[in-house]
Every structure is written in C-alpha cells, then in structure tokens.
Amino acid sequence: MEKKENILIIGAGLCGSLLALRLGQRGYKVTVMESRPDLRKVDISAGRSINLAFSDRGIKAMNMVGIADKVMPLCIPMHGRLVHDVEGNTFMSNYSGREGEYINSISRGDLNALLLTEAEEHEAVNIHFNKKCTGVDIENNVASFYCYETEKDIEFTADVIFGADGAGSALRKSYYLERKFLFSYSQNYLTHGYKELSIPPTATGGFRTEKNALHIWPRGDYMIIALPNLDGSFTVTLFLSYDEGEYNFNNITTPERVQEFFEAQFPDLLPLIPDLKKEYFENPTAPLGTVKCSPWSYKNNTLLMGDAAHAIVPFYGQGMNASFEDVVVLNEVLDTHEGDWEAVFKAYEKTRKKDTDAIADLAIDNYYEMRDHVANPIFKEKRKLEMDLEKNFPEQYFSKYSMVTFNEDIPYSKAMQIGRAQDKALLNMIADDEIDTTEDLHAILKKVQEETNEILEED
Ligand code: FAD
C-alpha cells in the first residue's frame with residue numbers, strides 16, 4: 001500500500017541503502033541523494049575499509065528485508081583471531097566455543113551494491129548519485145545539494161528527511177548551525193590512525209595465508225589486522241600512532257624505514273605484501289574517532305541514523321552491524337507508531353541511544369584488548385576458559401564477545417553491563433589463582449556466575 005509521505009534519505013551507504021529498501025518495502029515514496037558516483041557503474045572504492053566483519057545483528061537486518069540468501073554467498077567465515085607473534089608463531093583464538101558461531105568477512109562494495117539494487121527494485125525508490133548535501137533547513141524540510149554533473153545547486157523538499165550520510169553528516173552539521181534546539185555533540189579521536197595495505201592472491205587465485213580467520217599482529221603500541229576477500233586477497237590494516245612511540249606515521253617517512261619497521265615487527269607478513277612500500281606511501285592515512293550526539297531528531301521532520309548519529313572506532317567490528325540494527329529498531333518502532341513521525345523518532349532514540357553509546361564504549365575497550373591483551377597469558381587463559389564454558393554450557397555461558405556479536409536479541413547496553421562484570425570476575429579469579437582448571441567445569445561455572453552477580457549488585 002503506497003503511503004503519502006515523501007521521504008528523503010541523504011547518503012546511499014550501507015545504512016541509507018538498507019533504510020531505502022525497508023521504507024520502500026513499507027510503501028513509502030523514497031528519494032535517496034548520494035554524493036558519490038554509483039559504485040555499481042564506476043570503479044571507485046566504496047569508502048573506508050574495503051572489507052568488513054559482518055555478524056549476527058547485520059544478518060538479522062538482512063533477514064528483515066529478505067535478502068540474507070543473497071548476502072551469505074558474499075561472505076567468508078572467520079572462526080577466530082589468528083594471532084601472529086614477532087617470531088612468526090601463530091595461535092588461533094576462536095570467537096566462540098559454540099558450534100556455528102563465527103563472523104564473516106564481506107566486501108563493503110559488493111554489499112552496498114546489492115542493497116542499492118534491491119532498493120531500486122521498488123518503483124517508489126529513486127536513488128540519485130553525484131548530489132552532495134550542503135545543508136538542511138530543518139524547520140522547513142528543505143535540503144540543498146550541489147550536483148557534480150550539472151555543477152548547479154538544487155533544493156529538495158520532503159515530508160521527512162533522514163541523515164544517513166556518515167560520520168561527517170551534513171544534516172548533523174545543520175543541527176548545530178541552525179541553533180533551533182539544544183544539541184549536544186562530541187567527537188573524540190584516537191591518537192592512532194589507520195592505513196590499508198594488501199596481500200594479493202597467489203598466481204592461481206589462492207590464499208597466501210589461512211583463509212578462515214581474522215589475522216592479528218598485536219604489538220602493544222600498534223597492530224595490524226587482515227581480513228580475507230573472495231578473490232584470494234587480504235585487506236591489511238595497520239593501526240599506528242600518528243606521532244608517539246618508536247614507530248609512528250610521522251616518523252616512518254622513507255622506504256627504508258618501512259622496511260625496517262616490518263622486518264623488526266612483522267617479519268612473517270613482509271613477504272606477503274609485495275607492494276608494501278608503494279602502498280604505504282600511496283594509500284591514505286585516516287583518523288579514527290567516536291561521534292556521540294543528541295537528540296538525533298528535530299520535531300517530526302528529521303532523523304540521524306547510522307554513523308551520522310553514532311560513529312564508532314572499528315575494533316569490535318560493529319559499526320556497520322549497529323547501523324543495520326538501527327534500521328531493524330526503526331522498523332519495530334514504526335510497527336507501533338506509524339503515522340506520527342515525532343513519536344517514532346522519540347521512541348526510536350529512547351530505545352536506541354543507550355545501546356549505541358554502549359557499543360561505542362565497547363569498541364574503545366576492544367582497541368586496547370586487541371593491541372595489548374590478546375597475547376597476554378592471563379587473557380589467553382581467560383579466553384580458553386570461556387571457550388570451554390561455552391562449549392560445555394552452550395545455553396548458560398555467553399562471553400561478552402558472544403553477547404555482542406552472536407546474540408542479536410541482547411541489546412548492546414545489556415551485553416556491556418553483564419560482559420564487563422563477567423570479565424572482571426574471570427580476570428580477578430585467574431589472577432588470584434582462585435580457579436583450579438583441573439576442577440569440575442560445573443563448579444567453575446557456578447563460581448564465575450556467583451562472582452559476576454556480586455559485581456553486578458555492587459555496580
Ligand atoms: P557510511 O558507510 O559512511 O555511508 C555514508 C554515505 O553517505 C556514503 O555513501 C557517503 O558517500 C554519503 N555521504 C556523505 N556525505 C554526504 C553528503 N554531504 N551528501 C550526500 N551523501 C553523502 N563496521 C563493521 O560492522 N564491521 C567492521 O569490520 C568494520 N570495519 C571498519 C574498519 C574501518 C577502518 C572503519 C573506518 C570502519 C569500519 N566499520 C566496520 C564501520 C562501518 O564502516 C560504518 O559503521 C558504516 O559504514 C556506517 O554506515 P553508514 O551508512 O552510516 O555510513
């Protein structure tokens with residue numbers, strides 16, 4: 001059934017294209033304006049990070065719009081972190097002790113292209129490219145765009161405007177520039193930035209290292225990760241400080257210094273990246289930040305979604321998954337409040353904000369965990385114990401990582417609260433030698449649960 005309202009979505013990235021598809025399915029007339037060219041026609045990088053970790057919250061969103069069967073063939077399962085030490089030794093740390101729980105590597109471009117095509121199947125969804133939003137008159141619902149093709153400015157009026165235009169959102173900027181209401185906003189950068197490199201496929205299109213894992217080279221002050229692509233290549237991401245420590249982006253400025261850094265710190269990776277020096281100097285270095293803001297909406301006119309409302313650092317592999325979950329939550333809220341956009345926006349933010357704040361904080365925690373702790377003996381013992389507990393008590397024990405990544409029905413805020421208490425309990429008990437690993441696992445589970453409950457009560 002077609003609805004009367006004209007919806008404008010700014011941004012046809014991962015969140016905007018899924019939102020367009022869902023609102024199209026719900027019968028709205030949807031116009032999407034995207035600043036970049038159509039990535040299905042022009043060979044452009046789809047934006048930050050070539051591939052992404054895609055997990056259960058994202059899969060739930062794909063099920064909601066009925067395209068999970070088309071998305072899953074684009075995925076490469078990653079069963080755990082394959083940790084590489086400085087000597088080139090590796091160990092696998094699984095993501096879960098339960099059968100069938102793993103994350104997936106997916107190409108941002110392939111997924112975005114699929115979502116755009118699915119959205120356009122709906123006659124009432126129209127997507128326009130090369131139109132950059134330059135500002136929004138939030139009182140009168142008029143968005144201004146610069147059209148790269150005609151080199152002209154245009155205006156577009158809609159009944160409702162969604163800002164799904166990413167971390168640098170033009171709608172969000174209009175919120176504080178227009179000063180129509182009290183708008184709180186924070187943007188916090190890490191001292192580290194990132195740079196993408198690549199491991200090419202073998203001559204026969206094979207993988208040069210283990211395919212079904214997320215590779216990590218943790219080195220305390222910095223780290224590298226690598227995720228597989230369907231063509232046999234890996235996208236490698238170096239996370240490094242801009243200006244602190246012995247090695248940093250500001251002091252690695254010559255090919256010799258790049259070689260020295262990789263020889264000293266990543267000797268097993270060096271032969272896998274034949275174009276290392278070229279890529280290091282040609283590929284951009286980009287910052288990593290967290291954006292929090294509130295409120296996300298203005299009256300019944302506009303709403304921010306995805307990274308535009310809550311950009312997070314990438315260390316939990318949840319930014320895209322959370323942005324997809326935004327659309328799932330909005331869809332549920334529409335089921336109750338459809339017809340009253342102000343009520344929809346208020347109910348949506350009330351449900352959602354605490355969860356996106358939680359995943360933002362968890363992502364920062366994981367930055368330290370991946371860099372500093374994955375190779376630490378107490379941390380390794382904790383992960384091993386958690387795997388055993390999940391394997392033996394699949395219905396009773398869920399690690400923080402499992403709750404965030406595989407339990408799409410547990411809100412992020414709850415996963416954070418229980419997960420942090422559980423981590424504290426386990427780490428304290430291991431450090432104080434209170435866990436005897438020869439003990440019956442039942443007894444260990446009971447101890448961990450009691451200790452976790454005590455911590456939760458104290459908090
Ligand atoms: P975006 O993907 O940024 O899309 C915004 C869209 O709006 C773009 O198409 C852009 O061109 C367009 N746009 C921007 N400005 C305008 C304008 N003024 N006018 C019109 N259009 C505009 N998440 C995961 O879940 N798993 C991961 O493994 C993961 N890894 C990551 C690795 C890195 C290095 C980074 C930086 C992020 C990672 N993320 C990951 C996070 C993920 O990329 C984002 O959360 C996700 O892209 C958010 O989707 P979005 O649609 O809200 O924003």
# chains A, B, ... in the order shown; residues from 1 in each chain; ligands from 1
$ residues_near_ligand --ligand "ligand 1" --cutoff "6 Å" --atoms "only C-alpha atoms and all ligand atoms" --output "PyMOL selection string"
chain A and resi 10-16+33-36+48-49+52-54+131-134+164-166+169-170+306-308+314+317-321+323
$ write_last_selection --atoms "C-alpha atoms" --output "compact mmCIF listing (two decimals), in the first residue's frame"
# COMPACT_ATOMS: atom_id res chain seq x y z
CA ILE A 10 20.78 11.69 2.46
CA GLY A 11 23.52 9.12 1.79
CA ALA A 12 23.32 5.77 -0.03
CA GLY A 13 25.99 4.00 2.01
CA LEU A 14 25.28 0.85 4.00
CA CYS A 15 22.68 2.37 6.32
CA GLY A 16 20.99 4.66 3.78
CA MET A 33 20.68 11.52 -2.65
CA GLU A 34 24.28 10.30 -2.62
CA SER A 35 27.36 12.46 -3.07
CA ARG A 36 29.50 9.81 -4.73
CA ARG A 48 36.56 3.48 4.22
CA SER A 49 37.73 -0.12 4.61
CA LEU A 52 34.21 -5.56 6.97
CA ALA A 53 33.37 -8.05 9.69
CA PHE A 54 29.69 -8.86 9.30
CA LYS A 131 24.48 15.02 -5.36
CA LYS A 132 26.27 16.33 -2.30
CA CYS A 133 24.15 17.69 0.50
CA THR A 134 25.43 21.11 1.54
CA ALA A 164 22.39 8.56 6.73
CA ASP A 165 25.37 10.49 5.43
CA GLY A 166 28.06 9.01 7.64
CA SER A 169 26.94 14.18 8.28
CA ALA A 170 25.66 17.37 6.65
CA GLY A 306 23.97 5.07 11.26
CA ASP A 307 27.40 6.70 11.58
CA ALA A 308 25.79 10.13 11.22
CA PRO A 314 36.23 -0.23 14.24
CA GLY A 317 33.62 -4.95 14.02
CA GLN A 318 30.20 -3.50 14.85
CA GLY A 319 29.81 -0.06 13.20
CA MET A 320 28.05 -1.37 10.12
CA ASN A 321 26.22 -4.06 12.11
CA SER A 323 23.91 0.84 11.61
$ residues_around --residues "Thr90 (chain A)" --least-positions-apart "4" --cutoff "10 Å" --atoms "only C-alpha atoms" --output "PyMOL selection string"
chain A and resi 81-86+215-217
$ closest_atom_pairs --of "region 323-429 of chain A" --to "region 178-191 of chain A" --cutoff "12 Å" --atoms "only C-alpha atoms" --output "Markdown table"
| residue | atom | partner | partner_atom | distance |
| --- | --- | --- | --- | --- |
| A:Asp357 | CA | A:Ser186 | CA | 11.8 |
| A:Ala360 | CA | A:Asn188 | CA | 10.9 |
| A:Asp361 | CA | A:Asn188 | CA | 11.6 |
| A:Ala363 | CA | A:Leu190 | CA | 11.7 |
| A:Ile364 | CA | A:Leu190 | CA | 9.1 |
| A:Tyr367 | CA | A:Leu190 | CA | 9.9 |
| A:Tyr368 | CA | A:Leu190 | CA | 11.4 |
$ write_last_selection --atoms "N, CA, C and O atoms" --output "PDB file, in the first residue's frame"
ATOM      1  N   ASP A 357      25.544   4.096  22.484  1.00  0.00           N
ATOM      2  CA  ASP A 357      26.582   4.598  23.412  1.00  0.00           C
ATOM      3  C   ASP A 357      27.402   3.416  23.935  1.00  0.00           C
ATOM      4  O   ASP A 357      28.623   3.498  24.068  1.00  0.00           O
ATOM      5  N   ALA A 360      29.803   2.003  21.360  1.00  0.00           N
ATOM      6  CA  ALA A 360      30.914   2.950  21.172  1.00  0.00           C
ATOM      7  C   ALA A 360      31.971   2.717  22.252  1.00  0.00           C
ATOM      8  O   ALA A 360      33.174   2.666  21.967  1.00  0.00           O
ATOM      9  N   ASP A 361      31.519   2.533  23.497  1.00  0.00           N
ATOM     10  CA  ASP A 361      32.469   2.327  24.601  1.00  0.00           C
ATOM     11  C   ASP A 361      33.137   0.948  24.499  1.00  0.00           C
ATOM     12  O   ASP A 361      34.329   0.800  24.752  1.00  0.00           O
ATOM     13  N   ALA A 363      33.760  -0.657  21.824  1.00  0.00           N
ATOM     14  CA  ALA A 363      34.713  -0.639  20.709  1.00  0.00           C
ATOM     15  C   ALA A 363      36.050  -0.056  21.165  1.00  0.00           C
ATOM     16  O   ALA A 363      37.116  -0.515  20.751  1.00  0.00           O
ATOM     17  N   ILE A 364      35.981   0.943  22.040  1.00  0.00           N
ATOM     18  CA  ILE A 364      37.231   1.506  22.589  1.00  0.00           C
ATOM     19  C   ILE A 364      37.920   0.452  23.470  1.00  0.00           C
ATOM     20  O   ILE A 364      39.119   0.234  23.374  1.00  0.00           O
ATOM     21  N   TYR A 367      39.800  -1.967  21.440  1.00  0.00           N
ATOM     22  CA  TYR A 367      41.025  -1.405  20.851  1.00  0.00           C
ATOM     23  C   TYR A 367      42.214  -1.786  21.743  1.00  0.00           C
ATOM     24  O   TYR A 367      43.237  -2.300  21.272  1.00  0.00           O
ATOM     25  N   TYR A 368      42.045  -1.602  23.059  1.00  0.00           N
ATOM     26  CA  TYR A 368      43.133  -1.948  23.987  1.00  0.00           C
ATOM     27  C   TYR A 368      43.306  -3.461  24.082  1.00  0.00           C
ATOM     28  O   TYR A 368      44.418  -3.963  24.150  1.00  0.00           O
TER      29      TYR A 368
END
$ closest_residue --among "A:Asn229, A:Thr452, A:Asn130, A:Thr356" --to "Lys152 (chain A)" --atoms "only C-alpha atoms"
A:Asn130
$ atom_distance --atom1 "CA of Arg40 (chain A)" --atom2 "CA of Glu149 (chain A)"
17.3 Å
$ closest_residue --among "A:Met305, A:Ile76, A:Ala124, A:Ile7" --to "Ala322 (chain A)" --atoms "only C-alpha atoms"
A:Met305
$ residues_around --residues "Tyr348 (chain A)" --least-positions-apart "5" --cutoff "8 Å" --atoms "only C-alpha atoms" --output "list in words"
Val329, Leu330 and Val333 of chain A
$ select_by_dssp --residues "region 31-98 of chain A" --states "strand (DSSP E)" --output "PyMOL selection string"
chain A and resi 31-33+51-54+76-78+80-84+90-94
$ closest_residue --among "A:Lys292, A:Arg383, A:His442, A:Arg172" --to "Ile312 (chain A)" --atoms "only C-alpha atoms"
A:Lys292
$ atom_distance --atom1 "CA of Ile378 (chain A)" --atom2 "CA of Ile430 (chain A)"
6.9 Å
$ closest_residue --among "A:Ala158, A:Val136, A:Met64, A:Leu270" --to "Glu5 (chain A)" --atoms "only C-alpha atoms"
A:Ala158
$ residues_around --residues "region 218-222 of chain A" --least-positions-apart "6" --cutoff "7 Å" --atoms "only C-alpha atoms" --output "VMD selection string"
chain A and resid 239 to 240 370 to 372
$ select_by_dssp --residues "region 303-426 of chain A" --states "alpha helix (DSSP H)" --output "ChimeraX atom specification"
/A:307-310,319-337,341-368,377-392,400-405,412-426
$ residues_around --residues "Asn63 (chain A)" --least-positions-apart "3" --cutoff "12 Å" --atoms "only C-alpha atoms" --output "ChimeraX atom specification"
/A:18,22,56-60,66-72,324-325,327-328
$ write_last_selection --atoms "all heavy atoms" --output "compact mmCIF listing (two decimals), in the first residue's frame"
# COMPACT_ATOMS: atom_id res chain seq x y z
N LEU A 18 20.04 0.40 3.00
CA LEU A 18 19.14 -0.55 3.68
C LEU A 18 17.85 0.16 4.11
O LEU A 18 16.75 -0.38 3.97
CB LEU A 18 19.83 -1.16 4.91
CG LEU A 18 18.94 -2.08 5.74
CD1 LEU A 18 18.58 -3.36 4.98
CD2 LEU A 18 19.59 -2.44 7.08
N ARG A 22 14.03 -0.82 3.11
CA ARG A 22 12.97 -1.16 4.07
C ARG A 22 11.78 -0.20 3.94
O ARG A 22 10.61 -0.63 3.98
CB ARG A 22 13.52 -1.13 5.51
CG ARG A 22 12.54 -1.65 6.53
CD ARG A 22 12.17 -3.10 6.24
NE ARG A 22 10.98 -3.56 6.95
CZ ARG A 22 10.14 -4.46 6.46
NH1 ARG A 22 10.31 -4.99 5.26
NH2 ARG A 22 9.10 -4.85 7.17
N ASP A 56 25.94 -11.29 13.43
CA ASP A 56 24.52 -11.66 13.55
C ASP A 56 23.53 -10.50 13.55
O ASP A 56 22.40 -10.65 13.09
CB ASP A 56 24.33 -12.53 14.79
CG ASP A 56 24.99 -13.89 14.60
OD1 ASP A 56 26.00 -13.95 13.86
OD2 ASP A 56 24.53 -14.88 15.19
N ARG A 57 23.95 -9.34 14.09
CA ARG A 57 23.00 -8.21 14.08
C ARG A 57 22.76 -7.76 12.64
O ARG A 57 21.64 -7.40 12.25
CB ARG A 57 23.51 -7.05 14.95
CG ARG A 57 23.52 -7.41 16.42
CD ARG A 57 24.15 -6.34 17.30
NE ARG A 57 24.52 -6.94 18.56
CZ ARG A 57 23.77 -6.97 19.67
NH1 ARG A 57 22.61 -6.36 19.70
NH2 ARG A 57 24.17 -7.58 20.77
N GLY A 58 23.84 -7.78 11.85
CA GLY A 58 23.72 -7.44 10.43
C GLY A 58 22.88 -8.48 9.69
O GLY A 58 22.04 -8.13 8.85
N ILE A 59 23.12 -9.75 10.03
CA ILE A 59 22.37 -10.82 9.35
C ILE A 59 20.87 -10.70 9.67
O ILE A 59 20.02 -10.90 8.80
CB ILE A 59 22.93 -12.22 9.76
CG1 ILE A 59 24.37 -12.35 9.26
CG2 ILE A 59 22.05 -13.34 9.21
CD1 ILE A 59 25.12 -13.57 9.77
N LYS A 60 20.57 -10.33 10.92
CA LYS A 60 19.16 -10.15 11.30
C LYS A 60 18.50 -9.09 10.40
O LYS A 60 17.36 -9.24 9.95
CB LYS A 60 19.07 -9.73 12.77
CG LYS A 60 17.65 -9.52 13.27
CD LYS A 60 17.62 -9.23 14.76
CE LYS A 60 16.22 -8.96 15.26
NZ LYS A 60 16.18 -8.66 16.70
N GLY A 66 14.66 -9.69 3.76
CA GLY A 66 14.51 -10.89 2.93
C GLY A 66 15.63 -11.13 1.92
O GLY A 66 15.41 -11.77 0.89
N ILE A 67 16.86 -10.64 2.22
CA ILE A 67 17.93 -10.86 1.24
C ILE A 67 19.13 -11.62 1.81
O ILE A 67 20.20 -11.62 1.20
CB ILE A 67 18.39 -9.53 0.58
CG1 ILE A 67 18.98 -8.56 1.62
CG2 ILE A 67 17.28 -8.87 -0.21
CD1 ILE A 67 19.78 -7.42 0.98
N ALA A 68 18.95 -12.24 2.98
CA ALA A 68 20.10 -12.94 3.59
C ALA A 68 20.65 -14.00 2.64
O ALA A 68 21.87 -14.20 2.57
CB ALA A 68 19.68 -13.57 4.92
N ASP A 69 19.78 -14.66 1.86
CA ASP A 69 20.27 -15.70 0.94
C ASP A 69 21.16 -15.12 -0.16
O ASP A 69 21.98 -15.83 -0.74
CB ASP A 69 19.09 -16.48 0.33
CG ASP A 69 18.14 -15.56 -0.42
OD1 ASP A 69 18.05 -14.36 -0.06
OD2 ASP A 69 17.51 -16.02 -1.39
N LYS A 70 21.01 -13.84 -0.45
CA LYS A 70 21.88 -13.22 -1.47
C LYS A 70 23.16 -12.67 -0.84
O LYS A 70 24.17 -12.50 -1.52
CB LYS A 70 21.14 -12.07 -2.16
CG LYS A 70 19.95 -12.55 -2.97
CD LYS A 70 19.30 -11.42 -3.71
CE LYS A 70 18.06 -11.93 -4.42
NZ LYS A 70 17.15 -10.88 -4.82
N VAL A 71 23.10 -12.37 0.45
CA VAL A 71 24.26 -11.79 1.12
C VAL A 71 25.26 -12.88 1.54
O VAL A 71 26.48 -12.70 1.39
CB VAL A 71 23.83 -10.97 2.37
CG1 VAL A 71 25.03 -10.46 3.15
CG2 VAL A 71 22.93 -9.81 1.96
N MET A 72 24.75 -14.02 2.01
CA MET A 72 25.67 -15.01 2.58
C MET A 72 26.71 -15.53 1.57
O MET A 72 27.87 -15.74 1.94
CB MET A 72 24.90 -16.18 3.24
CG MET A 72 24.08 -15.77 4.47
SD MET A 72 24.76 -14.46 5.53
CE MET A 72 26.04 -15.36 6.43
N PHE A 324 23.02 -1.21 10.66
CA PHE A 324 21.94 -2.06 10.14
C PHE A 324 20.89 -2.29 11.23
O PHE A 324 19.69 -2.29 10.97
CB PHE A 324 22.50 -3.41 9.67
CG PHE A 324 23.24 -3.35 8.35
CD1 PHE A 324 24.14 -4.35 8.00
CD2 PHE A 324 23.03 -2.33 7.43
CE1 PHE A 324 24.83 -4.32 6.79
CE2 PHE A 324 23.70 -2.29 6.21
CZ PHE A 324 24.60 -3.30 5.89
N GLU A 325 21.37 -2.49 12.46
CA GLU A 325 20.43 -2.72 13.57
C GLU A 325 19.55 -1.48 13.79
O GLU A 325 18.39 -1.60 14.19
CB GLU A 325 21.20 -3.09 14.85
CG GLU A 325 20.30 -3.66 15.94
CD GLU A 325 21.10 -4.12 17.16
OE1 GLU A 325 21.77 -3.27 17.78
OE2 GLU A 325 21.04 -5.29 17.52
N VAL A 327 18.18 0.21 11.56
CA VAL A 327 17.02 0.10 10.66
C VAL A 327 16.03 -0.94 11.20
O VAL A 327 14.81 -0.77 11.10
CB VAL A 327 17.49 -0.24 9.21
CG1 VAL A 327 16.30 -0.28 8.26
CG2 VAL A 327 18.52 0.78 8.72
N VAL A 328 16.57 -2.00 11.83
CA VAL A 328 15.69 -3.01 12.43
C VAL A 328 14.87 -2.38 13.56
O VAL A 328 13.65 -2.57 13.66
CB VAL A 328 16.52 -4.20 13.00
CG1 VAL A 328 15.64 -5.18 13.76
CG2 VAL A 328 17.26 -4.92 11.87
$ closest_residue --among "A:Ile444, A:Val160, A:Leu8, A:Cys75" --to "Glu139 (chain A)" --atoms "only C-alpha atoms"
A:Val160
$ closest_residue --among "A:Leu456, A:Ala119, A:Ala286, A:Met223" --to "Gln265 (chain A)" --atoms "only C-alpha atoms"
A:Met223
$ residues_around --residues "region 402-405 of chain A" --least-positions-apart "5" --cutoff "10 Å" --atoms "only C-alpha atoms" --output "PyMOL selection string"
chain A and resi 54-58+95-98+101-103+316-318+321+359+362+390+397+410-416+418-419
$ write_last_selection --atoms "C-alpha atoms" --output "PDB file, in the first residue's frame"
ATOM      1  CA  PHE A  54      29.694  -8.859   9.299  1.00  0.00           C
ATOM      2  CA  SER A  55      27.875 -10.688  12.090  1.00  0.00           C
ATOM      3  CA  ASP A  56      24.522 -11.664  13.549  1.00  0.00           C
ATOM      4  CA  ARG A  57      22.996  -8.211  14.084  1.00  0.00           C
ATOM      5  CA  GLY A  58      23.720  -7.444  10.434  1.00  0.00           C
ATOM      6  CA  TYR A  95      35.391 -16.325  18.661  1.00  0.00           C
ATOM      7  CA  SER A  96      33.091 -18.778  20.379  1.00  0.00           C
ATOM      8  CA  GLY A  97      33.073 -22.213  21.994  1.00  0.00           C
ATOM      9  CA  ARG A  98      29.641 -22.894  20.453  1.00  0.00           C
ATOM     10  CA  GLU A 101      29.278 -19.112  15.797  1.00  0.00           C
ATOM     11  CA  TYR A 102      31.697 -17.154  13.643  1.00  0.00           C
ATOM     12  CA  ILE A 103      31.954 -13.767  11.994  1.00  0.00           C
ATOM     13  CA  TYR A 316      34.532  -4.543  17.683  1.00  0.00           C
ATOM     14  CA  GLY A 317      33.620  -4.946  14.015  1.00  0.00           C
ATOM     15  CA  GLN A 318      30.197  -3.496  14.853  1.00  0.00           C
ATOM     16  CA  ASN A 321      26.220  -4.057  12.114  1.00  0.00           C
ATOM     17  CA  ILE A 359      28.853  -0.237  21.555  1.00  0.00           C
ATOM     18  CA  LEU A 362      32.917  -1.410  23.973  1.00  0.00           C
ATOM     19  CA  GLU A 390      30.643 -22.013  26.057  1.00  0.00           C
ATOM     20  CA  TYR A 397      27.522 -19.223  29.400  1.00  0.00           C
ATOM     21  CA  ILE A 410      20.590  -8.932  23.636  1.00  0.00           C
ATOM     22  CA  PRO A 411      20.845  -5.116  23.471  1.00  0.00           C
ATOM     23  CA  TYR A 412      24.416  -3.782  23.378  1.00  0.00           C
ATOM     24  CA  SER A 413      23.893  -1.991  26.713  1.00  0.00           C
ATOM     25  CA  LYS A 414      22.962  -5.232  28.452  1.00  0.00           C
ATOM     26  CA  ALA A 415      25.826  -7.118  26.781  1.00  0.00           C
ATOM     27  CA  MET A 416      28.185  -4.426  28.052  1.00  0.00           C
ATOM     28  CA  ILE A 418      26.910  -8.254  32.059  1.00  0.00           C
ATOM     29  CA  GLY A 419      30.008  -8.779  29.895  1.00  0.00           C
TER      30      GLY A 419
END
$ residues_around --residues "Pro271 (chain A)" --least-positions-apart "6" --cutoff "12 Å" --atoms "only C-alpha atoms" --output "ChimeraX atom specification"
/A:88,198-200,208-209,259,262-263
$ atom_distance --atom1 "CA of Leu171 (chain A)" --atom2 "CA of Arg352 (chain A)"
19.0 Å
